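Asker: There's a structure below that I have some questions on.
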Amino acid sequence: MTQRQVYPQILVKAEGLAIGHGETVLARNLSLSVGGGSGLLLRGPNGAGKSTLLLTLAGLLPALAGRVALEGSDAEDGPALHHCGHKNAVRPRLSVIETLAFWAALNGTTGLVPQAALERVGLGRMARLDAGYLSAGQQRRLVLARLLVSRRPVWLLDEPSAALDAQGHALLAALVDEHLAAGGLAIIATHDQTGFENLSTLTLDRAA
Ligand SMILES: Nc1ncnc2c1ncn2[C@@H]1O[C@H](COP(=O)(O)OP(=O)(O)OP(=O)(O)O)[C@@H](O)[C@H]1O
């Protein structure tokens, strides 16, 4: 794949980070540094804190100690990150294409137009269907299409491969590859390493 730098140089850094909920500390002294063009897998058993770490990196949960920094991001370029939770957040009565148009209106149409994003994730023929009728794997593909309609350099993905079939896994790996090749970065919580064997790994231990 051709390496093209289309995002500005960007770095997600955490130092001395403690994560958790209220009084409950799930992990302490976490440090990470992920630059453009790189990906990091978050591994660990159920309840170890992978989703909590992603939410903390996204600024959606406060750090219990330490700090998270996003370097190289210019406010004038718009929001830098996408956080995709493990729920699909699909509105059942909006059509598939309306769903993407809604996200594009919210996040900015800075990437593919919705129909092209649907084609890319294999949902081109489902555009007019109510999103609630999509299968679990198709809904996950729709979430991936959201990443494509609004270009942002930082992807924080929580179990993105859940419910995906083998082709879906390959699609996800290809999208992440392309994103990294374009200078983006991805931090991915997953129990399934398929397609991500070359990414570095941070393992959270429930006992931490
Ligand atoms: N809002 C909350 N308030 C209190 N505890 C919470 C909250 N959200 C999550 N937790 C707890 O934090 C712990 C870590 O949850 P988290 O979802 O981060 O784990 P995970 O590593 O992503 O797990 P899994 O592999 O099952 O997805 C769990 O014990 C969970 O019950």
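We label chains A, B, ... in the order they appear in the structure tokens, count residues from 1 in each chain, and number ligands from 1 in the order shown.
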Give as a list of chain:residue names the residues surrounding ligand 1 up to a distance of 6 Å, considering only C-alpha atoms and all ligand atoms.

Answerer: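 Answer in the requested format: A:His21, A:Pro45, A:Asn46, A:Gly47, A:Ala48, A:Gly49, A:Lys50, A:Ser51, A:Thr52.
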
Asker: Considering only C-alpha atoms, return as a list in words whatever protein or nucleic-acid residues lie within 8 Å of A:Glu15, sequence-local ones (same chain, fewer than 6 positions apart) excluded.

Answerer: Asn29, Leu30, Ser31, Leu32, Gly66, Arg67 and Val68 of chain A

Asker: Write the residues you've just listed into a file as an mmCIF file, in the first residue's frame, and include N, CA and C atoms for each of them.

Answerer:
data_model
loop_
_atom_site.group_PDB
_atom_site.id
_atom_site.type_symbol
_atom_site.label_atom_id
_atom_site.label_comp_id
_atom_site.auth_asym_id
_atom_site.auth_seq_id
_atom_site.Cartn_x
_atom_site.Cartn_y
_atom_site.Cartn_z
ATOM 1 N N ASN A 29 -0.735 3.519 36.860
ATOM 2 C CA ASN A 29 0.596 3.686 36.254
ATOM 3 C C ASN A 29 0.664 3.223 34.801
ATOM 4 N N LEU A 30 -0.407 3.468 34.080
ATOM 5 C CA LEU A 30 -0.388 3.128 32.650
ATOM 6 C C LEU A 30 0.339 4.227 31.889
ATOM 7 N N SER A 31 1.196 3.815 31.005
ATOM 8 C CA SER A 31 1.834 4.785 30.113
ATOM 9 C C SER A 31 1.730 4.250 28.696
ATOM 10 N N LEU A 32 1.404 5.105 27.800
ATOM 11 C CA LEU A 32 1.378 4.696 26.392
ATOM 12 C C LEU A 32 1.659 5.905 25.517
ATOM 13 N N GLY A 66 -2.750 10.922 36.831
ATOM 14 C CA GLY A 66 -1.982 11.006 35.602
ATOM 15 C C GLY A 66 -2.683 11.839 34.548
ATOM 16 N N ARG A 67 -2.167 11.725 33.336
ATOM 17 C CA ARG A 67 -2.715 12.588 32.293
ATOM 18 C C ARG A 67 -2.739 11.918 30.932
ATOM 19 N N VAL A 68 -3.670 12.416 30.134
ATOM 20 C CA VAL A 68 -3.769 12.003 28.730
ATOM 21 C C VAL A 68 -3.540 13.249 27.887
#

Asker: What is the distance, in Å and to one decimal place, between atom CA of A:Arg43 and atom CA of A:Ile187?

Answerer: 10.7 Å

Asker: A:Gly111, A:Gly85, A:Gly39, A:Pro8: which is nearest A:Arg140, counting only C-alpha atoms?

Answerer: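 With only C-alpha atoms as the atom set, the closest residue is A:Gly85.
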
Asker: I'd like the contact shell of A:Thr194 - 10 Å cut-off, only C-alpha atoms, skipping same-chain residues fewer than 5 positions apart - returned as an mmCIF file with C-alpha atoms, in the first residue's frame.

Answerer:
data_model
loop_
_atom_site.group_PDB
_atom_site.id
_atom_site.type_symbol
_atom_site.label_atom_id
_atom_site.label_comp_id
_atom_site.auth_asym_id
_atom_site.auth_seq_id
_atom_site.Cartn_x
_atom_site.Cartn_y
_atom_site.Cartn_z
ATOM 1 C CA SER A 161 -14.944 -6.992 15.217
ATOM 2 C CA ALA A 166 -14.499 -13.567 8.219
ATOM 3 C CA HIS A 169 -12.685 -9.114 9.878
ATOM 4 C CA ALA A 170 -10.683 -8.694 6.681
ATOM 5 C CA LEU A 172 -11.878 -4.087 9.357
ATOM 6 C CA ALA A 173 -8.180 -4.967 9.101
#

Asker: Looking at only C-alpha atoms, which of A:Leu129, A:Cys84, A:Val34, A:Leu17 is the one that sits closest to A:Asp158?

Answerer: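 Closest candidate: A:Cys84.
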
Asker: Among stretch 93-171 of chain A, which residues carry a DSSP assignment of strand (DSSP E), reported as a PyMOL selection string?

Answerer: chain A and resi 154-158

Asker: Generate a file of the selected residues that holds N, CA and C atoms, formatted as a PDB file, in the first residue's frame.

Answerer:
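This is the output file selection_25.pdb:
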ATOM      1  N   VAL A 154      -7.718  10.030  14.879  1.00  0.00           N
ATOM      2  CA  VAL A 154      -7.592   9.110  16.020  1.00  0.00           C
ATOM      3  C   VAL A 154      -8.841   8.237  16.107  1.00  0.00           C
ATOM      4  N   TRP A 155      -8.651   6.924  15.964  1.00  0.00           N
ATOM      5  CA  TRP A 155      -9.757   5.976  16.107  1.00  0.00           C
ATOM      6  C   TRP A 155      -9.593   5.226  17.417  1.00  0.00           C
ATOM      7  N   LEU A 156     -10.606   5.301  18.256  1.00  0.00           N
ATOM      8  CA  LEU A 156     -10.646   4.538  19.503  1.00  0.00           C
ATOM      9  C   LEU A 156     -11.802   3.562  19.353  1.00  0.00           C
ATOM     10  N   LEU A 157     -11.471   2.299  19.151  1.00  0.00           N
ATOM     11  CA  LEU A 157     -12.491   1.318  18.745  1.00  0.00           C
ATOM     12  C   LEU A 157     -12.645   0.254  19.823  1.00  0.00           C
ATOM     13  N   ASP A 158     -13.881   0.081  20.272  1.00  0.00           N
ATOM     14  CA  ASP A 158     -14.158  -0.899  21.322  1.00  0.00           C
ATOM     15  C   ASP A 158     -14.817  -2.128  20.694  1.00  0.00           C
TER      16      ASP A 158
END

Asker: Per DSSP on the backbone, filter stretch 20-170 of chain A down to the residues in helix (DSSP H, G or I) and report them as an MDAnalysis selection string.

Answerer: chainID A and resid 50:57 75:77 96:107 114:120 124:126 131:133 136:149 166:170

Asker: Can you write out the residues you just picked, keeping C-alpha atoms, as a compact mmCIF listing (two decimals), in the first residue's frame?

Answerer:
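Saved as result_12.txt:
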# COMPACT_ATOMS: atom_id res chain seq x y z
CA LYS A 50 -10.24 -1.87 28.26
CA SER A 51 -13.46 0.06 27.57
CA THR A 52 -12.77 2.25 30.58
CA LEU A 53 -9.32 3.07 29.20
CA LEU A 54 -10.75 3.95 25.79
CA LEU A 55 -13.36 6.22 27.41
CA THR A 56 -10.63 7.86 29.48
CA LEU A 57 -8.43 8.40 26.42
CA ALA A 75 -8.51 22.82 16.84
CA GLU A 76 -9.00 24.46 13.44
CA ASP A 77 -8.90 21.01 11.84
CA VAL A 96 -29.16 2.96 6.77
CA ILE A 97 -28.31 5.94 4.56
CA GLU A 98 -30.17 8.37 6.86
CA THR A 99 -28.14 7.00 9.75
CA LEU A 100 -24.92 7.86 8.01
CA ALA A 101 -26.26 11.24 6.86
CA PHE A 102 -27.16 11.95 10.50
CA TRP A 103 -23.63 11.12 11.63
CA ALA A 104 -22.15 13.14 8.79
CA ALA A 105 -24.24 16.16 9.80
CA LEU A 106 -23.08 15.74 13.40
CA ASN A 107 -19.42 14.95 12.74
CA PRO A 114 -22.57 8.18 2.72
CA GLN A 115 -23.37 5.95 -0.27
CA ALA A 116 -19.67 5.42 -1.03
CA ALA A 117 -19.00 4.58 2.62
CA LEU A 118 -21.82 2.02 2.51
CA GLU A 119 -20.37 0.46 -0.64
CA ARG A 120 -16.97 0.25 1.06
CA GLY A 124 -24.45 -0.52 -0.64
CA ARG A 125 -27.66 -2.38 -1.40
CA MET A 126 -29.09 -1.89 2.09
CA ALA A 131 -31.19 0.29 10.21
CA GLY A 132 -33.02 -1.69 12.89
CA TYR A 133 -33.46 -4.53 10.39
CA ALA A 136 -25.71 -7.66 14.17
CA GLY A 137 -22.71 -7.91 11.85
CA GLN A 138 -24.26 -5.50 9.34
CA GLN A 139 -24.87 -2.98 12.14
CA ARG A 140 -21.20 -3.28 13.06
CA ARG A 141 -20.32 -2.60 9.42
CA LEU A 142 -22.52 0.50 9.56
CA VAL A 143 -20.50 1.71 12.54
CA LEU A 144 -17.34 1.24 10.44
CA ALA A 145 -18.95 3.32 7.67
CA ARG A 146 -19.32 6.13 10.22
CA LEU A 147 -15.54 6.23 10.51
CA LEU A 148 -15.32 6.78 6.77
CA VAL A 149 -17.79 9.65 6.33
CA ALA A 166 -14.50 -13.57 8.22
CA GLN A 167 -14.92 -11.04 5.39
CA GLY A 168 -15.88 -8.42 7.94
CA HIS A 169 -12.68 -9.11 9.88
CA ALA A 170 -10.68 -8.69 6.68

Asker: Would you pick out the contacts of A:Leu40 at 12 Å or less, using only C-alpha atoms, so that residues sharing its chain but fewer than 2 positions from it are not included, and give the list as a PyMOL selection string?

Answerer: chain A and resi 12-13+32-38+42-43+50+54+154-157+176+180+184-190+193+196-203

Asker: Include C-alpha atoms and write out the residues we just selected as a PDB file, in the first residue's frame.

Answerer:
ATOM      1  CA  VAL A  12      -1.841  10.179  21.843  1.00  0.00           C
ATOM      2  CA  LYS A  13       0.114   9.974  25.084  1.00  0.00           C
ATOM      3  CA  LEU A  32       1.378   4.696  26.392  1.00  0.00           C
ATOM      4  CA  SER A  33       2.400   6.662  23.367  1.00  0.00           C
ATOM      5  CA  VAL A  34       0.773   6.028  20.002  1.00  0.00           C
ATOM      6  CA  GLY A  35       1.766   8.137  17.016  1.00  0.00           C
ATOM      7  CA  GLY A  36       0.278   8.606  13.564  1.00  0.00           C
ATOM      8  CA  GLY A  37       0.736   5.490  11.456  1.00  0.00           C
ATOM      9  CA  SER A  38       0.627   3.186  14.482  1.00  0.00           C
ATOM     10  CA  LEU A  42      -5.815  -3.351  24.227  1.00  0.00           C
ATOM     11  CA  ARG A  43      -6.096  -6.910  25.486  1.00  0.00           C
ATOM     12  CA  LYS A  50     -10.244  -1.871  28.260  1.00  0.00           C
ATOM     13  CA  LEU A  54     -10.752   3.951  25.793  1.00  0.00           C
ATOM     14  CA  VAL A 154      -7.592   9.110  16.020  1.00  0.00           C
ATOM     15  CA  TRP A 155      -9.757   5.976  16.107  1.00  0.00           C
ATOM     16  CA  LEU A 156     -10.646   4.538  19.503  1.00  0.00           C
ATOM     17  CA  LEU A 157     -12.491   1.318  18.745  1.00  0.00           C
ATOM     18  CA  VAL A 176      -7.364   0.101   9.868  1.00  0.00           C
ATOM     19  CA  LEU A 180      -2.617   3.995   9.522  1.00  0.00           C
ATOM     20  CA  GLY A 184      -3.971   8.082  11.355  1.00  0.00           C
ATOM     21  CA  LEU A 185      -3.719   6.035  14.531  1.00  0.00           C
ATOM     22  CA  ALA A 186      -5.943   3.416  16.105  1.00  0.00           C
ATOM     23  CA  ILE A 187      -6.312   2.092  19.636  1.00  0.00           C
ATOM     24  CA  ILE A 188      -8.456  -1.013  19.603  1.00  0.00           C
ATOM     25  CA  ALA A 189      -9.907  -2.990  22.504  1.00  0.00           C
ATOM     26  CA  THR A 190     -10.422  -6.528  21.331  1.00  0.00           C
ATOM     27  CA  GLN A 193      -6.370 -10.313  17.253  1.00  0.00           C
ATOM     28  CA  PHE A 196      -4.011  -7.129  13.806  1.00  0.00           C
ATOM     29  CA  GLU A 197      -1.066  -9.429  14.419  1.00  0.00           C
ATOM     30  CA  ASN A 198       1.412  -6.669  13.561  1.00  0.00           C
ATOM     31  CA  LEU A 199       0.085  -4.107  16.016  1.00  0.00           C
ATOM     32  CA  SER A 200       1.666  -3.660  19.415  1.00  0.00           C
ATOM     33  CA  THR A 201      -0.304  -4.724  22.455  1.00  0.00           C
ATOM     34  CA  LEU A 202      -1.055  -3.365  25.887  1.00  0.00           C
ATOM     35  CA  THR A 203      -2.490  -6.021  28.182  1.00  0.00           C
TER      36      THR A 203
END

Asker: Which residue gives the smallest distance to A:Thr109 among A:Leu64, A:Leu81, A:Arg151, A:Ala181, with only C-alpha atoms counted?

Answerer: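 The answer is A:Arg151, which sits nearest to A:Thr109.
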
Asker: How many Å lie between atom CA of A:Leu26 and atom CA of A:Leu204, rounded to one decimal?

Answerer: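 These two atoms are separated by 8.9 Å.
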